[in-house]
file my_file.txt (compact mmCIF, C-alpha atoms)
# COMPACT_ATOMS: atom_id res chain seq x y z
CA MET A 1 33.90 83.01 -39.74
CA ARG A 2 34.07 84.19 -43.34
CA ILE A 3 33.92 81.67 -46.19
CA ILE A 4 35.52 82.89 -49.42
CA GLU A 5 35.33 81.24 -52.83
CA LEU A 6 38.53 81.61 -54.82
CA VAL A 7 38.21 81.87 -58.61
CA LEU A 8 40.47 82.39 -61.60
CA ASP A 9 40.83 86.01 -62.62
CA GLU A 10 40.83 85.30 -66.34
CA GLU A 11 41.94 88.85 -67.17
CA SER A 12 45.16 88.50 -65.16
CA GLU A 13 48.17 86.96 -66.88
CA ASN A 14 49.42 85.62 -63.52
CA ALA A 15 46.18 83.77 -62.66
CA GLY A 16 46.17 80.08 -61.82
CA VAL A 17 48.48 77.51 -60.32
CA GLU A 18 52.18 78.22 -60.70
CA ALA A 19 53.69 75.28 -58.84
CA ILE A 20 52.94 72.12 -56.91
CA SER A 21 54.51 71.86 -53.49
CA ILE A 22 55.19 68.63 -51.62
CA VAL A 23 54.32 69.19 -47.97
CA GLU A 24 54.03 67.43 -44.64
CA SER A 25 50.50 68.68 -43.89
CA PRO A 26 48.40 69.25 -47.01
CA ALA A 27 45.67 71.86 -46.50
CA ILE A 28 43.21 69.67 -48.43
CA GLU A 29 43.90 66.85 -45.93
CA GLU A 30 44.58 64.25 -48.63
CA ASP A 31 47.86 62.30 -48.55
CA PHE A 32 49.51 61.02 -51.70
CA VAL A 33 50.42 57.43 -52.52
CA ALA A 34 54.05 56.69 -53.34
CA LEU A 35 54.05 54.19 -56.18
CA ASN A 36 56.95 51.85 -56.59
CA SER A 37 57.73 48.59 -58.31
CA LYS A 38 56.48 46.56 -55.33
CA GLU A 39 52.98 48.05 -55.64
CA ILE A 40 52.65 47.81 -59.42
CA LYS A 41 54.16 44.71 -60.95
CA LEU A 42 55.66 45.36 -64.37
CA ALA A 43 58.14 42.95 -65.87
CA GLU A 44 60.41 45.73 -67.17
CA VAL A 45 60.57 47.58 -63.85
CA SER A 46 63.55 46.67 -61.70
CA LYS A 47 63.80 49.73 -59.48
CA ASP A 48 61.49 52.26 -57.85
CA LYS A 49 59.20 54.06 -60.23
CA LYS A 50 59.46 57.16 -58.04
CA LEU A 51 55.92 58.35 -58.69
CA LEU A 52 53.67 60.25 -56.29
CA MET A 53 49.92 60.27 -56.85
CA GLY A 54 47.51 62.45 -54.97
CA ALA A 55 44.81 65.08 -54.90
CA LEU A 56 45.88 68.56 -55.95
CA LEU A 57 42.57 70.34 -55.31
CA VAL A 58 39.31 69.05 -53.81
CA PRO A 59 36.08 70.87 -54.73
CA ASN A 60 34.07 72.72 -52.07
CA LYS A 61 36.43 71.66 -49.29
CA PRO A 62 36.77 74.39 -46.63
CA ILE A 63 40.47 75.22 -46.13
CA TYR A 64 41.31 77.18 -42.98
CA ARG A 65 43.44 80.30 -43.37
CA LYS A 66 44.78 82.87 -40.91
CA THR A 67 46.29 86.20 -41.91
CA GLY A 68 47.36 88.11 -38.84
CA LEU A 69 44.27 88.16 -36.63
CA ASP A 70 41.92 87.47 -39.54
CA GLU A 71 40.65 83.87 -39.64
CA TYR A 72 38.59 82.56 -42.55
CA TYR A 73 38.01 79.61 -44.88
CA ILE A 74 38.59 79.41 -48.62
CA TYR A 75 37.25 76.89 -51.11
CA PHE A 76 37.34 76.12 -54.84
CA SER A 77 34.37 75.12 -57.01
CA LYS A 78 34.49 72.20 -59.46
CA ASP A 79 34.48 74.68 -62.34
CA THR A 80 37.44 76.67 -60.98
CA ILE A 81 39.40 73.47 -60.30
CA SER A 82 38.79 72.22 -63.85
CA LYS A 83 39.90 75.55 -65.36
CA ALA A 84 42.96 75.75 -63.06
CA SER A 85 44.09 72.20 -63.98
CA GLN A 86 43.90 73.02 -67.70
CA LEU A 87 45.61 76.40 -67.33
CA TYR A 88 48.46 74.81 -65.34
CA LEU A 89 49.31 72.50 -68.24
CA LYS A 90 48.59 75.11 -70.92
CA SER A 91 51.07 77.47 -69.23
CA GLY A 92 53.76 74.78 -69.21
CA ASN A 93 54.17 74.70 -65.42
CA GLN A 94 54.54 70.89 -65.15
CA ASN A 95 58.14 71.16 -63.89
CA ASN A 96 57.49 73.85 -61.25
CA SER A 97 57.67 72.38 -57.77
CA THR A 98 58.65 73.41 -54.27
CA LEU A 99 59.20 71.89 -50.85
CA GLU A 100 56.83 73.26 -48.17
CA HIS A 101 56.19 76.32 -50.39
CA GLN A 102 59.67 77.58 -49.51
CA HIS A 103 62.38 75.83 -51.51
CA GLN A 104 62.48 75.41 -55.29
CA LEU A 105 62.94 71.79 -56.33
CA SER A 106 64.34 70.36 -59.54
CA GLY A 107 63.60 66.99 -61.06
CA LEU A 108 59.87 66.83 -60.22
CA THR A 109 57.40 66.75 -63.11
CA LEU A 110 53.64 66.39 -63.24
CA VAL A 111 53.27 63.46 -65.64
CA GLU A 112 49.55 62.74 -65.18
CA SER A 113 46.67 65.11 -64.55
CA TRP A 114 42.95 64.37 -64.48
CA ILE A 115 39.63 65.36 -62.95
CA VAL A 116 37.74 62.62 -61.09
CA GLU A 117 34.47 62.02 -62.95
CA SER A 118 33.16 58.80 -61.41
CA GLU A 119 32.67 57.45 -57.88
CA THR A 120 33.74 53.95 -58.96
CA LYS A 121 35.58 54.08 -62.29
CA ASP A 122 38.56 56.26 -61.56
CA LYS A 123 42.27 55.51 -61.24
CA SER A 124 42.28 57.06 -57.77
CA ARG A 125 39.99 54.24 -56.57
CA LEU A 126 42.64 51.64 -57.44
CA TYR A 127 44.76 53.18 -54.69
CA ASN A 128 41.95 53.57 -52.12
CA MET A 129 41.79 57.33 -52.56
CA ASN A 130 38.11 58.13 -52.08
CA VAL A 131 38.14 61.74 -53.20
CA PRO A 132 34.95 63.45 -54.45
CA ILE A 133 33.95 63.93 -58.07
CA GLY A 134 35.57 67.09 -59.42
CA THR A 135 38.87 66.53 -57.59
CA TRP A 136 42.03 67.41 -59.54
CA MET A 137 44.35 64.41 -59.28
CA GLY A 138 47.98 64.30 -60.33
CA THR A 139 50.95 61.98 -60.58
CA VAL A 140 54.41 63.51 -60.13
CA LYS A 141 57.59 61.79 -61.30
CA VAL A 142 60.46 62.38 -58.87
CA ASN A 143 63.79 62.37 -60.75
CA ASN A 144 65.63 63.69 -57.70
CA ASP A 145 67.19 61.06 -55.46
CA GLU A 146 67.75 63.49 -52.60
CA VAL A 147 64.05 64.45 -52.49
CA TRP A 148 62.92 60.83 -52.85
CA ASN A 149 65.24 59.42 -50.18
CA GLU A 150 65.21 62.29 -47.68
CA TYR A 151 61.57 63.38 -47.88
CA VAL A 152 59.35 60.77 -49.58
CA LYS A 153 60.78 57.52 -48.19
CA THR A 154 60.96 58.98 -44.67
CA ASN A 155 57.35 60.30 -44.83
CA LYS A 156 58.51 63.87 -44.16
CA VAL A 157 56.15 64.89 -46.97
CA LYS A 158 52.67 63.39 -47.22
CA GLY A 159 50.75 65.31 -49.85
CA PHE A 160 50.49 68.04 -52.43
CA SER A 161 49.66 71.70 -51.99
CA ILE A 162 49.22 74.18 -54.82
CA GLU A 163 50.79 77.60 -55.25
CA GLY A 164 49.10 80.20 -57.39
CA TYR A 165 47.06 83.34 -57.81
CA PHE A 166 43.30 83.37 -57.40
CA ALA A 167 40.75 86.11 -56.84
CA ASP A 168 38.04 86.26 -54.16
CA LYS A 169 34.59 85.76 -55.65
CA MET A 170 32.21 85.97 -52.75
CA GLU A 171 31.63 84.84 -49.24
CA ARG A 172 29.73 81.60 -48.88
CA PRO A 173 27.01 81.42 -46.24
CA LYS A 174 28.44 80.25 -42.92
CA GLU A 175 25.65 77.70 -42.49
CA SER A 176 26.59 75.71 -45.58
CA VAL A 177 30.18 75.18 -44.39
CA GLU A 178 29.02 74.34 -40.87
CA GLU A 179 26.56 71.88 -42.40
CA LYS A 180 29.36 70.32 -44.49
CA MET A 181 31.57 69.99 -41.41
CA GLU A 182 28.70 68.43 -39.48
CA ASN A 183 28.21 65.92 -42.32
CA GLN A 184 31.93 65.07 -42.25
CA ASN A 185 31.78 64.59 -38.46
CA ASN A 186 28.73 62.32 -38.87
CA LYS A 187 30.62 60.20 -41.42
CA ILE A 188 33.56 59.84 -39.03
CA LEU A 189 31.25 58.84 -36.17
CA LYS A 190 29.51 56.31 -38.40
CA SER A 191 32.88 54.79 -39.39
CA ILE A 192 33.90 54.52 -35.73
CA LYS A 193 30.58 52.86 -34.83
CA ASN A 194 31.02 50.38 -37.70
CA ILE A 195 34.53 49.48 -36.52
CA LEU A 196 33.34 49.04 -32.94
CA SER A 197 30.36 46.90 -33.96
CA GLU A 198 32.66 44.62 -36.02
CA ASN A 199 34.81 44.05 -32.94
call {"tool": "encode", "arguments": {"input": "my_file.txt", "output": "structure tokens"}}
result
Amino acid sequence: MRIIELVLDEESENAGVEAISIVESPAIEEDFVALNSKEIKLAEVSKDKKLLMGALLVPNKPIYRKTGLDEYYIYFSKDTISKASQLYLKSGNQNNSTLEHQHQLSGLTLVESWIVESETKDKSRLYNMNVPIGTWMGTVKVNNDEVWNEYVKTNKVKGFSIEGYFADKMERPKESVEEKMENQNNKILKSIKNILSEN
């Protein structure tokens, strides 16, 4: 199966991420954490903070795609993710959001954006989000009661997905993705063995 790296076409005025979508099944397979006053104790907070934190893009993660009969994987490099995160803010797209890539939403704003730079000293680690270095993380403020109550509180949405325009750079060797998947499978097996040995 083809493996395609997506990059920013810096000559195109439409390049980059246009919106952040809240979705049930994020392609990057990372759920967000809904932060509320019960999870972070602040004296001044008396109601839900209505914040969602999660990964927006994970570097070198194969993402399955199917267009008609054509099946392939895409991925983003650390460099592309870093450039895309900066361009998103530079273009003033913080308030652009959708539901399942289909419905425009109002009242959602990206209020924090950062690239994970450390395995241990990163805000994501405080919330048990063990994403790799180079991941674009974000916190979205939800000033929309309907979205919060109907989709977030009921777990109908579980993560972020980006919308934007990227160009194909090149196909990555099939072996490297298969090797990455094998490594992920080995990690899962190791975790299962550890759980079983503890019991």
call {"tool": "residues_around", "arguments": {"input": "my_file.txt", "residues": "A:Lys61", "least_positions_apart": "2", "cutoff": "6 Å", "atoms": "all atoms listed in the file", "output": "VMD selection string"}}
result
chain A and resid 58 to 59 75
call {"tool": "closest_residue", "arguments": {"input": "my_file.txt", "among": "A:Leu189, A:Val140, A:Ala55, A:Leu8", "to": "A:Asp79", "atoms": "all atoms listed in the file"}}
result
A:Leu8
call {"tool": "residues_around", "arguments": {"input": "my_file.txt", "residues": "stretch 9-14 of chain A", "least_positions_apart": "4", "cutoff": "12 Å", "atoms": "all atoms listed in the file", "output": "ChimeraX atom specification"}}
result
/A:18,80,83-84,87-88,91,163-169
call {"tool": "closest_residue", "arguments": {"input": "my_file.txt", "among": "A:Glu100, A:Glu112, A:Glu24, A:Asp70", "to": "A:Gln86", "atoms": "only C-alpha atoms"}}
result
A:Glu112
call {"tool": "atom_distance", "arguments": {"input": "my_file.txt", "atom1": "atom CA of A:Val142", "atom2": "atom CA of A:Ala15"}}
result
26.0 Å
call {"tool": "closest_residue", "arguments": {"input": "my_file.txt", "among": "A:Lys121, A:Lys190, A:Lys153, A:Lys158", "to": "A:Lys50", "atoms": "all atoms listed in the file"}}
result
A:Lys153
call {"tool": "closest_residue", "arguments": {"input": "my_file.txt", "among": "A:Asn93, A:Ser85, A:Leu52, A:Thr139", "to": "A:Ile115", "atoms": "all atoms listed in the file"}}
result
A:Ser85
call {"tool": "atom_distance", "arguments": {"input": "my_file.txt", "atom1": "atom CA of A:Ile188", "atom2": "atom CA of A:Ser25"}}
result
19.7 Å
call {"tool": "atom_distance", "arguments": {"input": "my_file.txt", "atom1": "atom CA of A:Leu126", "atom2": "atom CA of A:Gly159"}}
result
17.6 Å
call {"tool": "closest_residue", "arguments": {"input": "my_file.txt", "among": "A:Leu99, A:Val7, A:Leu89, A:Ile22", "to": "A:Met53", "atoms": "only C-alpha atoms"}}
result
A:Ile22
call {"tool": "closest_residue", "arguments": {"input": "my_file.txt", "among": "A:Ser113, A:Asn60, A:Ser82, A:Ser106", "to": "A:Asp145", "atoms": "all atoms listed in the file"}}
result
A:Ser106
call {"tool": "build_atoms", "arguments": {"input": "my_file.txt", "residues": "stretch 147-158 of chain A", "atoms": "all heavy atoms", "output": "mmCIF file, keeping the file's coordinate frame"}}
result
data_model
loop_
_atom_site.group_PDB
_atom_site.id
_atom_site.type_symbol
_atom_site.label_atom_id
_atom_site.label_comp_id
_atom_site.auth_asym_id
_atom_site.auth_seq_id
_atom_site.Cartn_x
_atom_site.Cartn_y
_atom_site.Cartn_z
ATOM 1 N N VAL A 147 65.441 64.231 -52.900
ATOM 2 C CA VAL A 147 64.050 64.450 -52.490
ATOM 3 C C VAL A 147 63.376 63.120 -52.177
ATOM 4 O O VAL A 147 62.691 62.976 -51.161
ATOM 5 C CB VAL A 147 63.267 65.212 -53.589
ATOM 6 C CG1 VAL A 147 61.774 65.209 -53.297
ATOM 7 C CG2 VAL A 147 63.780 66.641 -53.705
ATOM 8 N N TRP A 148 63.574 62.128 -53.043
ATOM 9 C CA TRP A 148 62.920 60.830 -52.850
ATOM 10 C C TRP A 148 63.379 60.172 -51.545
ATOM 11 O O TRP A 148 62.572 59.730 -50.743
ATOM 12 C CB TRP A 148 63.197 59.911 -54.037
ATOM 13 C CG TRP A 148 62.428 58.631 -53.948
ATOM 14 C CD1 TRP A 148 62.882 57.424 -53.492
ATOM 15 C CD2 TRP A 148 61.051 58.435 -54.273
ATOM 16 N NE1 TRP A 148 61.875 56.484 -53.535
ATOM 17 C CE2 TRP A 148 60.744 57.082 -54.010
ATOM 18 C CE3 TRP A 148 60.056 59.267 -54.768
ATOM 19 C CZ2 TRP A 148 59.478 56.557 -54.227
ATOM 20 C CZ3 TRP A 148 58.795 58.744 -54.990
ATOM 21 C CH2 TRP A 148 58.522 57.403 -54.714
ATOM 22 N N ASN A 149 64.704 60.124 -51.344
ATOM 23 C CA ASN A 149 65.240 59.420 -50.180
ATOM 24 C C ASN A 149 65.045 60.185 -48.877
ATOM 25 O O ASN A 149 64.718 59.603 -47.849
ATOM 26 C CB ASN A 149 66.741 59.116 -50.385
ATOM 27 C CG ASN A 149 66.962 58.123 -51.503
ATOM 28 O OD1 ASN A 149 66.161 57.215 -51.713
ATOM 29 N ND2 ASN A 149 68.046 58.291 -52.243
ATOM 30 N N GLU A 150 65.247 61.501 -48.919
ATOM 31 C CA GLU A 150 65.210 62.290 -47.680
ATOM 32 C C GLU A 150 63.801 62.698 -47.261
ATOM 33 O O GLU A 150 63.522 62.828 -46.079
ATOM 34 C CB GLU A 150 66.080 63.548 -47.856
ATOM 35 C CG GLU A 150 66.321 64.261 -46.544
ATOM 36 C CD GLU A 150 67.329 65.393 -46.684
ATOM 37 O OE1 GLU A 150 68.243 65.268 -47.529
ATOM 38 O OE2 GLU A 150 67.181 66.393 -45.962
ATOM 39 N N TYR A 151 62.892 62.866 -48.227
ATOM 40 C CA TYR A 151 61.570 63.380 -47.880
ATOM 41 C C TYR A 151 60.420 62.385 -48.128
ATOM 42 O O TYR A 151 59.544 62.246 -47.293
ATOM 43 C CB TYR A 151 61.289 64.686 -48.633
ATOM 44 C CG TYR A 151 62.207 65.790 -48.196
ATOM 45 C CD1 TYR A 151 63.361 66.083 -48.909
ATOM 46 C CD2 TYR A 151 61.953 66.507 -47.033
ATOM 47 C CE1 TYR A 151 64.229 67.081 -48.487
ATOM 48 C CE2 TYR A 151 62.808 67.503 -46.596
ATOM 49 C CZ TYR A 151 63.942 67.791 -47.334
ATOM 50 O OH TYR A 151 64.790 68.767 -46.896
ATOM 51 N N VAL A 152 60.443 61.691 -49.265
ATOM 52 C CA VAL A 152 59.350 60.770 -49.580
ATOM 53 C C VAL A 152 59.463 59.475 -48.780
ATOM 54 O O VAL A 152 58.529 59.067 -48.087
ATOM 55 C CB VAL A 152 59.269 60.476 -51.090
ATOM 56 C CG1 VAL A 152 58.155 59.476 -51.380
ATOM 57 C CG2 VAL A 152 59.056 61.768 -51.879
ATOM 58 N N LYS A 153 60.612 58.811 -48.862
ATOM 59 C CA LYS A 153 60.780 57.520 -48.190
ATOM 60 C C LYS A 153 60.678 57.629 -46.665
ATOM 61 O O LYS A 153 60.313 56.675 -45.999
ATOM 62 C CB LYS A 153 62.130 56.888 -48.576
ATOM 63 C CG LYS A 153 62.138 56.267 -49.956
ATOM 64 C CD LYS A 153 63.484 55.657 -50.234
ATOM 65 C CE LYS A 153 63.294 54.248 -50.761
ATOM 66 N NZ LYS A 153 64.580 53.596 -51.075
ATOM 67 N N THR A 154 61.004 58.788 -46.121
ATOM 68 C CA THR A 154 60.960 58.980 -44.670
ATOM 69 C C THR A 154 59.625 59.553 -44.194
ATOM 70 O O THR A 154 59.454 59.843 -43.018
ATOM 71 C CB THR A 154 62.082 59.948 -44.230
ATOM 72 O OG1 THR A 154 61.878 61.204 -44.889
ATOM 73 C CG2 THR A 154 63.459 59.392 -44.569
ATOM 74 N N ASN A 155 58.679 59.737 -45.142
ATOM 75 C CA ASN A 155 57.350 60.300 -44.830
ATOM 76 C C ASN A 155 57.415 61.724 -44.268
ATOM 77 O O ASN A 155 56.513 62.140 -43.546
ATOM 78 C CB ASN A 155 56.574 59.405 -43.867
ATOM 79 C CG ASN A 155 56.069 58.163 -44.561
ATOM 80 O OD1 ASN A 155 55.663 58.211 -45.710
ATOM 81 N ND2 ASN A 155 56.113 57.041 -43.868
ATOM 82 N N LYS A 156 58.463 62.468 -44.585
ATOM 83 C CA LYS A 156 58.510 63.870 -44.160
ATOM 84 C C LYS A 156 57.525 64.701 -44.962
ATOM 85 O O LYS A 156 57.115 65.767 -44.527
ATOM 86 C CB LYS A 156 59.930 64.432 -44.336
ATOM 87 C CG LYS A 156 60.914 63.928 -43.298
ATOM 88 C CD LYS A 156 62.274 64.565 -43.492
ATOM 89 C CE LYS A 156 63.275 64.011 -42.502
ATOM 90 N NZ LYS A 156 64.647 64.475 -42.787
ATOM 91 N N VAL A 157 57.196 64.241 -46.173
ATOM 92 C CA VAL A 157 56.150 64.890 -46.970
ATOM 93 C C VAL A 157 55.052 63.859 -47.214
ATOM 94 O O VAL A 157 55.323 62.686 -47.434
ATOM 95 C CB VAL A 157 56.685 65.462 -48.299
ATOM 96 C CG1 VAL A 157 57.586 66.650 -48.041
ATOM 97 C CG2 VAL A 157 57.399 64.409 -49.122
ATOM 98 N N LYS A 158 53.799 64.331 -47.146
ATOM 99 C CA LYS A 158 52.670 63.390 -47.220
ATOM 100 C C LYS A 158 51.638 63.758 -48.264
ATOM 101 O O LYS A 158 50.701 63.004 -48.489
ATOM 102 C CB LYS A 158 52.009 63.295 -45.857
ATOM 103 C CG LYS A 158 52.938 62.721 -44.809
ATOM 104 C CD LYS A 158 52.279 62.581 -43.471
ATOM 105 C CE LYS A 158 53.259 61.932 -42.515
ATOM 106 N NZ LYS A 158 53.054 62.306 -41.151
#
